[in-house]
>>> print(open('data03.txt').read())   # compact mmCIF, C-alpha atoms
# COMPACT_ATOMS: atom_id res chain seq x y z
CA MET A 1 105.12 101.24 106.83
CA HIS A 2 103.80 98.53 109.16
CA GLU A 3 105.71 95.64 107.56
CA LEU A 4 106.07 93.75 110.84
CA GLY A 5 102.31 93.57 111.36
CA LEU A 6 101.85 92.64 107.75
CA ALA A 7 104.46 89.90 108.11
CA GLN A 8 102.57 88.50 111.10
CA GLU A 9 99.35 88.40 109.06
CA THR A 10 101.21 86.71 106.20
CA LEU A 11 102.66 84.10 108.49
CA ALA A 12 99.27 83.42 110.09
CA ILE A 13 97.70 82.86 106.66
CA ALA A 14 100.62 80.68 105.52
CA LEU A 15 100.58 78.49 108.65
CA ASP A 16 96.80 78.17 108.50
CA GLU A 17 96.94 77.06 104.88
CA ALA A 18 99.83 74.66 105.56
CA ARG A 19 97.94 73.08 108.43
CA ARG A 20 94.80 72.69 106.33
CA GLN A 21 96.81 71.02 103.58
CA GLY A 22 98.53 68.69 106.01
CA ALA A 23 101.99 70.11 105.35
CA ARG A 24 104.87 69.72 107.78
CA ARG A 25 107.02 72.58 106.60
CA ILE A 26 106.83 75.58 104.33
CA LEU A 27 109.77 75.82 101.93
CA CYS A 28 108.71 78.79 99.86
CA MET A 29 106.13 81.59 100.02
CA ARG A 30 105.25 83.51 96.88
CA LEU A 31 103.78 86.97 97.41
CA ARG A 32 102.27 89.44 94.98
CA ILE A 33 102.82 93.07 95.95
CA GLY A 34 101.53 96.04 93.97
CA ASP A 35 103.66 99.15 93.69
CA LEU A 36 100.76 101.23 95.10
CA SER A 37 100.30 98.98 98.14
CA GLY A 38 102.67 101.08 100.23
CA VAL A 39 104.67 97.99 101.14
CA VAL A 40 108.45 98.21 101.26
CA VAL A 41 109.26 94.77 99.88
CA GLU A 42 112.68 94.43 101.49
CA ALA A 43 111.29 95.42 104.89
CA LEU A 44 108.47 92.90 104.53
CA ARG A 45 110.94 90.19 103.52
CA PHE A 46 113.12 90.88 106.54
CA ALA A 47 110.13 90.98 108.92
CA LEU A 48 108.68 87.78 107.50
CA GLU A 49 111.98 85.93 107.87
CA THR A 50 112.14 87.12 111.46
CA VAL A 51 108.61 86.17 112.53
CA ALA A 52 108.92 82.80 110.76
CA GLU A 53 111.75 81.71 113.03
CA ASN A 54 110.79 78.72 115.20
CA THR A 55 107.70 78.04 113.10
CA PRO A 56 107.16 75.54 110.24
CA ALA A 57 107.98 78.41 107.89
CA ALA A 58 111.46 78.96 109.31
CA GLY A 59 114.03 79.47 106.58
CA ALA A 60 111.40 79.48 103.83
CA ARG A 61 112.35 81.17 100.57
CA ILE A 62 110.35 84.33 99.99
CA GLU A 63 109.56 85.20 96.38
CA VAL A 64 107.90 88.47 95.51
CA ASP A 65 106.15 89.32 92.25
CA ARG A 66 105.90 93.09 91.85
CA VAL A 67 102.82 94.47 90.11
CA VAL A 68 103.12 97.66 88.09
CA PRO A 69 99.95 99.73 88.53
CA ALA A 70 97.60 99.95 85.56
CA CYS A 71 94.48 101.97 84.83
CA TYR A 72 91.72 101.39 82.30
CA CYS A 73 90.93 104.24 79.95
CA ASN A 74 87.25 104.41 79.06
CA GLN A 75 87.86 106.51 75.95
CA CYS A 76 90.50 104.24 74.42
CA ARG A 77 89.06 101.05 75.91
CA CYS A 78 92.44 99.76 76.96
CA GLU A 79 94.76 99.63 79.93
CA PHE A 80 97.81 101.78 80.46
CA GLU A 81 100.61 101.55 83.02
CA VAL A 82 100.65 104.20 85.74
CA GLN A 83 104.06 105.83 85.57
CA ALA A 84 105.26 108.09 88.39
CA HIS A 85 101.74 108.25 89.89
CA SER A 86 100.28 109.85 86.79
CA TYR A 87 96.78 108.61 85.98
CA ILE A 88 96.69 110.32 82.60
CA CYS A 89 96.14 108.07 79.58
CA PRO A 90 99.15 108.42 77.27
CA ARG A 91 96.94 108.00 74.18
CA CYS A 92 94.13 110.49 74.73
CA GLY A 93 95.29 112.53 77.75
CA ASP A 94 92.17 111.76 79.80
CA ILE A 95 92.47 111.13 83.53
CA SER A 96 91.40 107.63 84.53
CA LEU A 97 89.82 106.81 87.89
CA ASP A 98 89.68 103.11 87.14
CA LEU A 99 92.72 101.54 88.80
CA ARG A 100 92.81 97.89 87.75
CA ARG A 101 96.12 96.76 89.30
CA GLY A 102 98.76 97.97 91.71
CA ARG A 103 97.24 97.65 95.22
CA GLU A 104 97.87 93.90 95.59
CA MET A 105 99.11 92.39 98.84
CA ASP A 106 98.49 88.67 98.42
CA LEU A 107 99.98 85.35 99.38
CA ILE A 108 99.69 83.54 96.06
CA SER A 109 101.17 80.10 96.58
CA MET A 110 103.58 78.07 98.66
CA GLU A 111 105.89 75.12 98.34
CA VAL A 112 105.46 72.72 101.22
CA VAL A 113 106.44 69.27 102.36
CA MET B 1 90.03 87.74 123.83
CA CYS B 2 87.43 88.67 121.28
CA ASP B 3 84.67 86.40 120.04
CA HIS B 4 83.88 88.44 116.98
CA CYS B 5 87.18 89.08 115.35
CA GLY B 6 89.44 86.18 116.27
CA CYS B 7 92.00 88.22 118.22
CA SER B 8 93.72 85.04 119.30
CA ILE B 9 94.27 83.53 115.86
CA VAL B 10 97.92 84.45 115.52
CA ASP B 11 98.83 82.95 118.88
CA ASP B 12 97.15 79.66 118.03
CA HIS B 13 99.26 79.37 114.96
CA ARG B 14 102.48 80.29 116.67
CA HIS B 15 102.33 77.32 118.97
CA HIS B 16 101.37 74.91 116.29
CA HIS B 17 104.86 73.60 115.61
CA GLN B 18 106.57 73.05 118.94
CA HIS B 19 109.04 70.18 118.53
CA SER B 20 110.24 68.28 121.51
CA HIS B 21 112.86 66.70 119.27
CA GLY B 22 114.55 69.75 117.80
CA HIS B 23 114.46 70.55 114.12
CA ASP B 24 116.15 67.55 112.49
CA HIS B 25 113.71 66.89 109.66
CA ASP B 26 114.48 64.18 107.16
CA HIS B 27 115.71 66.22 104.24
CA GLY B 28 115.99 63.20 101.97
CA LEU B 29 112.21 62.85 101.93
CA GLU B 30 111.59 66.51 101.22
CA ASP B 31 112.40 66.40 97.52
CA GLU B 32 109.92 63.59 96.96
CA SER B 33 107.07 65.07 98.96
CA ARG B 34 107.70 68.71 98.02
CA ARG B 35 104.57 70.17 96.44
CA ALA B 36 103.15 73.50 95.43
CA ILE B 37 99.86 74.70 96.88
CA GLU B 38 97.69 77.59 95.80
CA VAL B 39 96.76 80.10 98.49
CA ARG B 40 95.52 83.31 96.84
CA ARG B 41 94.62 85.12 100.03
CA ALA B 42 94.96 88.83 100.69
CA LEU B 43 97.44 89.63 103.45
CA LEU B 44 94.96 92.10 104.89
CA SER B 45 91.96 89.81 104.55
CA ARG B 46 91.37 89.80 108.31
CA ASN B 47 91.27 93.60 108.35
CA GLU B 48 89.01 93.65 105.31
CA ARG B 49 86.59 91.23 106.94
CA LEU B 50 86.43 93.33 110.10
CA ALA B 51 86.07 96.54 108.09
CA GLU B 52 83.04 95.07 106.33
CA ARG B 53 81.59 94.13 109.71
CA ASN B 54 82.08 97.70 110.93
CA ARG B 55 80.60 99.07 107.71
CA GLY B 56 77.55 96.84 108.06
CA MET B 57 77.05 98.08 111.61
CA PHE B 58 77.30 101.72 110.49
CA MET B 59 74.94 101.21 107.57
CA GLY B 60 72.41 99.35 109.66
CA ARG B 61 72.30 102.22 112.12
CA GLY B 62 72.43 104.96 109.51
CA ILE B 63 75.70 106.44 110.77
CA THR B 64 77.92 108.36 108.35
CA VAL B 65 81.55 107.60 109.13
CA LEU B 66 84.53 109.64 107.95
CA ASN B 67 88.16 108.58 108.23
CA LEU B 68 90.29 111.72 108.73
CA MET B 69 93.95 111.30 107.82
CA SER B 70 96.89 113.71 107.78
CA SER B 71 100.43 114.17 108.98
CA PRO B 72 100.85 115.13 112.63
CA GLY B 73 99.96 118.76 113.22
CA SER B 74 97.87 119.45 110.11
CA GLY B 75 94.87 120.29 112.24
CA LYS B 76 92.65 117.20 112.39
CA THR B 77 91.59 117.82 115.97
CA ALA B 78 91.20 121.56 115.40
CA LEU B 79 88.96 120.83 112.41
CA ILE B 80 86.80 118.51 114.51
CA GLU B 81 86.61 121.07 117.34
CA ARG B 82 85.55 123.82 114.97
CA THR B 83 83.01 121.51 113.33
CA LEU B 84 81.49 120.58 116.68
CA ALA B 85 81.18 124.25 117.55
CA ASP B 86 79.82 125.59 114.25
CA LEU B 87 78.12 122.82 112.26
CA PRO B 88 74.56 123.98 111.63
CA GLY B 89 71.63 121.65 112.24
CA ASP B 90 71.29 118.96 114.84
CA ARG B 91 73.75 116.30 113.79
CA ARG B 92 74.62 113.99 116.66
CA ILE B 93 78.36 113.52 116.46
CA GLY B 94 80.73 110.96 117.94
CA VAL B 95 84.52 110.92 117.66
CA ILE B 96 87.16 108.20 117.76
CA VAL B 97 90.72 109.50 118.06
CA GLY B 98 93.88 107.51 117.40
CA ASP B 99 97.30 108.47 118.76
CA LEU B 100 100.35 106.58 119.89
CA ALA B 101 99.96 107.96 123.39
CA THR B 102 97.98 110.36 125.60
CA GLU B 103 94.28 111.16 125.87
CA ASN B 104 94.90 114.81 124.98
CA ASP B 105 92.92 114.90 121.74
CA ALA B 106 89.92 113.06 123.17
CA ARG B 107 89.96 115.41 126.16
CA ARG B 108 89.88 118.45 123.84
CA ILE B 109 86.79 117.03 122.17
CA ARG B 110 85.10 115.93 125.39
CA ASP B 111 85.54 119.51 126.62
CA GLN B 112 82.87 120.36 124.04
CA GLY B 113 80.46 117.86 125.55
CA VAL B 114 80.86 115.29 122.78
CA HIS B 115 81.43 111.59 123.30
CA ALA B 116 85.03 110.83 122.27
CA ILE B 117 86.88 107.52 122.47
CA GLN B 118 90.67 107.64 122.49
CA ILE B 119 92.52 104.69 120.96
CA SER B 120 96.09 104.67 122.19
CA THR B 121 97.90 102.52 119.68
CA GLY B 122 101.13 102.21 121.66
CA THR B 123 103.58 101.91 118.81
CA ALA B 124 101.20 101.25 115.92
CA CYS B 125 101.40 103.86 113.18
CA HIS B 126 97.78 103.57 112.02
CA LEU B 127 94.30 102.54 113.11
CA ASP B 128 92.94 99.25 111.81
CA ALA B 129 89.43 97.83 111.63
CA HIS B 130 90.02 95.71 114.71
CA MET B 131 90.88 98.70 116.92
CA VAL B 132 87.84 100.58 115.64
CA HIS B 133 85.64 97.54 116.24
CA HIS B 134 86.62 97.54 119.91
CA ALA B 135 86.30 101.32 120.23
CA LEU B 136 82.72 100.98 118.99
CA GLU B 137 81.92 98.82 122.01
CA GLU B 138 82.46 101.92 124.15
CA LEU B 139 80.44 104.23 121.95
CA ASP B 140 76.66 104.59 122.23
CA LEU B 141 75.88 104.10 118.54
CA ALA B 142 72.18 104.80 119.05
CA SER B 143 73.00 108.35 120.07
CA ILE B 144 75.04 109.43 117.02
CA ASP B 145 74.51 109.78 113.28
CA LEU B 146 77.90 111.19 112.28
CA LEU B 147 81.19 109.63 113.38
CA PHE B 148 84.62 111.16 112.85
CA ILE B 149 87.54 108.75 113.09
CA GLU B 150 90.70 110.78 113.56
CA ASN B 151 93.47 108.48 112.40
CA VAL B 152 97.04 108.47 113.72
CA GLY B 153 98.99 111.39 112.25
CA ASN B 154 100.80 109.69 109.37
CA LEU B 155 100.51 109.95 105.60
CA VAL B 156 101.76 106.44 104.86
CA CYS B 157 100.31 103.55 106.83
CA PRO B 158 96.67 104.56 107.41
CA ALA B 159 96.13 104.42 103.63
CA SER B 160 96.27 100.62 103.63
CA PHE B 161 93.66 99.97 106.33
CA ASP B 162 89.97 100.11 105.57
CA LEU B 163 88.14 100.91 108.80
CA GLY B 164 84.64 100.50 107.39
CA GLU B 165 84.28 104.22 106.69
CA GLU B 166 81.93 105.87 104.22
CA ALA B 167 84.49 108.37 102.96
CA ARG B 168 88.14 109.29 103.37
CA VAL B 169 89.23 112.83 104.09
CA VAL B 170 92.91 113.75 103.79
CA ILE B 171 94.00 117.02 105.40
CA ILE B 172 97.14 119.00 104.59
CA ALA B 173 98.17 122.41 105.87
CA VAL B 174 99.45 125.21 103.65
CA THR B 175 102.66 125.10 105.71
CA GLU B 176 103.48 121.57 104.52
CA GLY B 177 104.45 122.49 100.98
CA GLU B 178 102.51 122.27 97.74
CA ASP B 179 104.10 118.99 96.68
CA LYS B 180 102.82 116.91 99.64
CA PRO B 181 100.31 115.04 97.40
CA LEU B 182 103.12 114.05 95.04
CA LYS B 183 105.31 112.86 97.90
CA TYR B 184 102.58 110.69 99.46
CA PRO B 185 100.45 109.74 96.46
CA VAL B 186 98.95 106.52 97.80
CA ILE B 187 97.00 108.12 100.64
CA PHE B 188 95.79 110.95 98.39
CA HIS B 189 94.70 108.59 95.64
CA ASP B 190 91.95 107.11 97.80
CA ALA B 191 90.73 110.42 99.25
CA ASP B 192 87.16 111.50 98.57
CA LEU B 193 87.98 114.94 99.87
CA VAL B 194 91.25 116.80 100.40
CA ILE B 195 91.11 119.67 102.88
CA VAL B 196 93.83 122.31 102.73
CA ASN B 197 93.88 123.73 106.26
CA LYS B 198 95.51 126.84 107.78
CA ILE B 199 94.56 128.91 104.76
CA ASP B 200 94.87 131.95 107.05
CA LEU B 201 98.65 131.42 106.79
CA ALA B 202 98.65 131.29 102.99
CA GLU B 203 100.27 134.65 102.49
CA ALA B 204 102.98 134.11 105.08
CA VAL B 205 104.18 130.90 103.38
CA ALA B 206 103.60 132.09 99.77
CA TYR B 207 101.05 129.30 99.26
CA SER B 208 100.09 128.51 95.67
CA HIS B 209 96.47 127.44 95.27
CA GLU B 210 96.98 126.48 91.61
CA GLU B 211 99.98 124.29 92.35
CA VAL B 212 98.30 122.37 95.18
CA VAL B 213 95.13 121.76 93.18
CA ALA B 214 97.16 120.60 90.15
CA ASN B 215 99.18 118.22 92.34
CA ILE B 216 96.04 116.80 93.97
CA ARG B 217 94.39 116.38 90.56
CA GLN B 218 97.37 114.42 89.34
CA VAL B 219 97.32 111.76 92.08
CA ALA B 220 93.66 111.92 93.12
CA PRO B 221 91.62 112.88 90.07
CA ALA B 222 88.29 112.15 91.79
CA ALA B 223 88.88 114.03 95.05
CA GLU B 224 87.15 117.30 95.88
CA VAL B 225 89.34 120.06 97.32
CA ILE B 226 88.30 122.52 100.04
CA GLU B 227 90.56 125.24 101.43
CA LEU B 228 89.72 126.42 104.92
CA SER B 229 91.00 127.60 108.26
CA ALA B 230 89.80 125.69 111.30
CA LEU B 231 91.24 128.55 113.37
CA THR B 232 89.45 131.51 111.80
CA GLY B 233 86.49 129.65 110.29
CA THR B 234 87.21 130.74 106.71
CA GLY B 235 85.92 128.14 104.24
CA MET B 236 84.20 126.03 106.90
CA ASP B 237 80.84 126.49 105.16
CA ALA B 238 82.08 124.52 102.10
CA TRP B 239 83.14 121.70 104.44
CA PHE B 240 79.74 121.75 106.17
CA ARG B 241 77.98 121.51 102.79
CA TRP B 242 80.22 118.58 101.84
CA LEU B 243 79.41 116.91 105.18
CA GLU B 244 75.67 117.28 104.63
CA ARG B 245 75.96 115.84 101.12
CA SER B 246 77.94 112.84 102.44
CA ALA B 247 75.50 112.28 105.25
CA ALA B 248 72.53 112.46 102.88
CA LYS B 249 74.21 109.99 100.56
CA GLY B 250 75.46 107.73 103.31
CA VAL B 251 72.44 107.19 105.50
CA ARG B 252 70.70 104.04 104.46
CA ALA B 253 67.64 102.61 106.12
CA PRO B 254 68.06 99.14 107.61
CA PRO B 255 66.59 96.41 105.36
>>> encode(input="data03.txt", output="structure tokens")
Amino acid sequence: MHELGLAQETLAIALDEARRQGARRILCMRLRIGDLSGVVVEALRFALETVAENTPAAGARIEVDRVVPACYCNQCRCEFEVQAHSYICPRCGDISLDLRRGREMDLISMEVV
Amino acid sequence: MCDHCGCSIVDDHRHHHQHSHGHDHDHGLEDESRRAIEVRRALLSRNERLAERNRGMFMGRGITVLNLMSSPGSGKTALIERTLADLPGDRRIGVIVGDLATENDARRIRDQGVHAIQISTGTACHLDAHMVHHALEELDLASIDLLFIENVGNLVCPASFDLGEEARVVIIAVTEGEDKPLKYPVIFHDADLVIVNKIDLAEAVAYSHEEVVANIRQVAPAAEVIELSALTGTGMDAWFRWLERSAAKGVRAPP
């Protein structure tokens, strides 16, 4: 999708945080991306490397934690993983509307100097 | 430059690290001073903040706002045109239209005497809360109580961007194939309503009602489904009833 715009937002957040923490350079950015976020991780990685050039984040390592989507089943009172976009609880067969994970697009942490 | 939404933020940051001395950092020191910092910020937090601002403005003024999304050519503009012509009652309607280029869609709507703002996104594949925020500056919000935002024709990117809307409507045409919801599940998952348009062509393309409904149910269990033809008017009454229900639910008095 719009990975370049997303990369620009990511970089803005990272540089803002680095400046607030008095860091000179960003060595690593750790992202958390849900499988239902619509983000193509490799495209985001490439875009982020590109927009980071000539900034304190240039050359930073980009680590991505993928999040498998999960729903909560009210009947069974437990979570189940959403496989192949099916929101049907594997235990009781009910459809769940309660998506608990899978839409994440977050900058979690960084390594800085 | 925008005072409300921080349009200039990214630029400020870009120029924050201009070295006059090149990039020869002391790498020996880095290992000692290297540290981990927590961030925990959403990449779209700026959009989310602006979407909430838009939503607050809509709620305060009692305007019901619908985000209409579909692939190009599914009939978003035709649906709006037909709605403007036939919606019973005295709803005061405004329209924001997003496209990469041209004012064609806004012109079609203005031809019906309705205030329409065209957002030309250039190359952007979706509308975001920031673009809508600026479009609202051109719209007389006191004169409308129902706002259609016609998103850029695209079943991928618009799904990720909250605009501050009350409800999301995803439109597909019978000509697109019954498995469209399975191919683009993310956008369907968040839909409050799925409209299957061009139902007048159902026979010609051997459209299967059961298959489409089953596929929508699988990826969007909560969404309502309405089949209609914006061209002939078939099924428009169900859409009008849905609109009235949304408007009744959505209009909140200012505190």
>>> atom_distance(input="data03.txt", atom1="atom CA of A:Gly102", atom2="atom CA of A:Ile33")
7.6 Å
>>> interface_residues(input="data03.txt", of="chain A", to="chain B", cutoff="8 Å", atoms="only C-alpha atoms", output="number ranges by chain")
A: 1-2, 6, 8-10, 12-13, 15-17, 36-38, 54-56, 85-88, 95-97, 104-113
>>> atom_distance(input="data03.txt", atom1="atom CA of B:Thr175", atom2="atom CA of B:Val194")
15.1 Å
>>> residues_near_point(input="data03.txt", point="(111.1, 88.4, 116.9)", cutoff="12 Å", atoms="all atoms listed in the file", output="PDB file with C-alpha atoms, keeping the file's coordinate frame")
ATOM      1  CA  LEU A   4     106.070  93.750 110.840  1.00  0.00           C
ATOM      2  CA  GLY A   5     102.310  93.570 111.360  1.00  0.00           C
ATOM      3  CA  ALA A   7     104.460  89.900 108.110  1.00  0.00           C
ATOM      4  CA  GLN A   8     102.570  88.500 111.100  1.00  0.00           C
ATOM      5  CA  PHE A  46     113.120  90.880 106.540  1.00  0.00           C
ATOM      6  CA  ALA A  47     110.130  90.980 108.920  1.00  0.00           C
ATOM      7  CA  LEU A  48     108.680  87.780 107.500  1.00  0.00           C
ATOM      8  CA  GLU A  49     111.980  85.930 107.870  1.00  0.00           C
ATOM      9  CA  THR A  50     112.140  87.120 111.460  1.00  0.00           C
ATOM     10  CA  VAL A  51     108.610  86.170 112.530  1.00  0.00           C
ATOM     11  CA  ALA A  52     108.920  82.800 110.760  1.00  0.00           C
ATOM     12  CA  GLU A  53     111.750  81.710 113.030  1.00  0.00           C
ATOM     13  CA  ASN A  54     110.790  78.720 115.200  1.00  0.00           C
ATOM     14  CA  THR A  55     107.700  78.040 113.100  1.00  0.00           C
TER      15      THR A  55
ATOM     16  CA  ARG B  14     102.480  80.290 116.670  1.00  0.00           C
TER      17      ARG B  14
END
>>> atom_distance(input="data03.txt", atom1="atom CA of A:Arg100", atom2="atom CA of A:Cys76")
14.9 Å
>>> residues_around(input="data03.txt", residues="A:Asp35", least_positions_apart="4", cutoff="12 Å", atoms="only C-alpha atoms", output="compact mmCIF listing (two decimals) with C-alpha atoms, in the frame of the given file")
# COMPACT_ATOMS: atom_id res chain seq x y z
CA VAL A 39 104.67 97.99 101.14
CA VAL A 40 108.45 98.21 101.26
CA VAL A 41 109.26 94.77 99.88
CA VAL A 64 107.90 88.47 95.51
CA ASP A 65 106.15 89.32 92.25
CA ARG A 66 105.90 93.09 91.85
CA VAL A 67 102.82 94.47 90.11
CA VAL A 68 103.12 97.66 88.09
CA PRO A 69 99.95 99.73 88.53
CA ALA A 70 97.60 99.95 85.56
CA GLU A 81 100.61 101.55 83.02
CA VAL A 82 100.65 104.20 85.74
CA GLN A 83 104.06 105.83 85.57
CA ALA A 84 105.26 108.09 88.39
CA HIS A 85 101.74 108.25 89.89
CA ARG A 101 96.12 96.76 89.30
CA GLY A 102 98.76 97.97 91.71
CA ARG A 103 97.24 97.65 95.22
CA GLU A 104 97.87 93.90 95.59
CA MET A 105 99.11 92.39 98.84
CA PRO B 185 100.45 109.74 96.46
CA VAL B 186 98.95 106.52 97.80
>>> residues_around(input="data03.txt", residues="B:Thr64", least_positions_apart="6", cutoff="10 Å", atoms="only C-alpha atoms", output="ChimeraX atom specification")
/B:55,58,93,144-148,165-167,243-244,246-252
>>> closest_residue(input="data03.txt", among="B:Ala51, B:Val174, B:Asp86, B:Trp239", to="B:Leu201", atoms="only C-alpha atoms")
B:Val174
>>> axis_aligned_box(input="data03.txt", around="stretch 15-19 of chain A", padding_each_side="3 Å", output="lines of an AutoDock Vina configuration file")
center_x = 98.7
center_y = 75.8
center_z = 106.8
size_x = 9.8
size_y = 11.4
size_z = 9.8
>>> residues_around(input="data03.txt", residues="stretch 141-143 of chain B", least_positions_apart="3", cutoff="10 Å", atoms="all atoms listed in the file", output="mmCIF file with C-alpha atoms, in the coordinates of the input")
data_model
loop_
_atom_site.group_PDB
_atom_site.id
_atom_site.type_symbol
_atom_site.label_atom_id
_atom_site.label_comp_id
_atom_site.auth_asym_id
_atom_site.auth_seq_id
_atom_site.Cartn_x
_atom_site.Cartn_y
_atom_site.Cartn_z
ATOM 1 C CA MET B 57 77.050 98.080 111.610
ATOM 2 C CA PHE B 58 77.300 101.720 110.490
ATOM 3 C CA ARG B 61 72.300 102.220 112.120
ATOM 4 C CA GLY B 62 72.430 104.960 109.510
ATOM 5 C CA ILE B 63 75.700 106.440 110.770
ATOM 6 C CA ARG B 92 74.620 113.990 116.660
ATOM 7 C CA ILE B 93 78.360 113.520 116.460
ATOM 8 C CA GLY B 94 80.730 110.960 117.940
ATOM 9 C CA HIS B 115 81.430 111.590 123.300
ATOM 10 C CA LEU B 136 82.720 100.980 118.990
ATOM 11 C CA GLU B 137 81.920 98.820 122.010
ATOM 12 C CA GLU B 138 82.460 101.920 124.150
ATOM 13 C CA LEU B 146 77.900 111.190 112.280
ATOM 14 C CA LEU B 147 81.190 109.630 113.380
#
>>> residues_near_point(input="data03.txt", point="(88.6, 107.4, 113.7)", cutoff="8 Å", atoms="only C-alpha atoms", output="VMD selection string")
chain B and resid 66 to 68 95 to 98 127 132 147 to 151
>>> residues_around(input="data03.txt", residues="B:Glu81", least_positions_apart="2", cutoff="9 Å", atoms="all atoms listed in the file", output="PyMOL selection string")
chain B and resi 76-79+83-86+108-109+112+230
>>> residues_around(input="data03.txt", residues="B:Lys180", least_positions_apart="5", cutoff="9 Å", atoms="all atoms listed in the file", output="list in words")
Ile172, Pro185, Val212, Asn215 and Ile216 of chain B
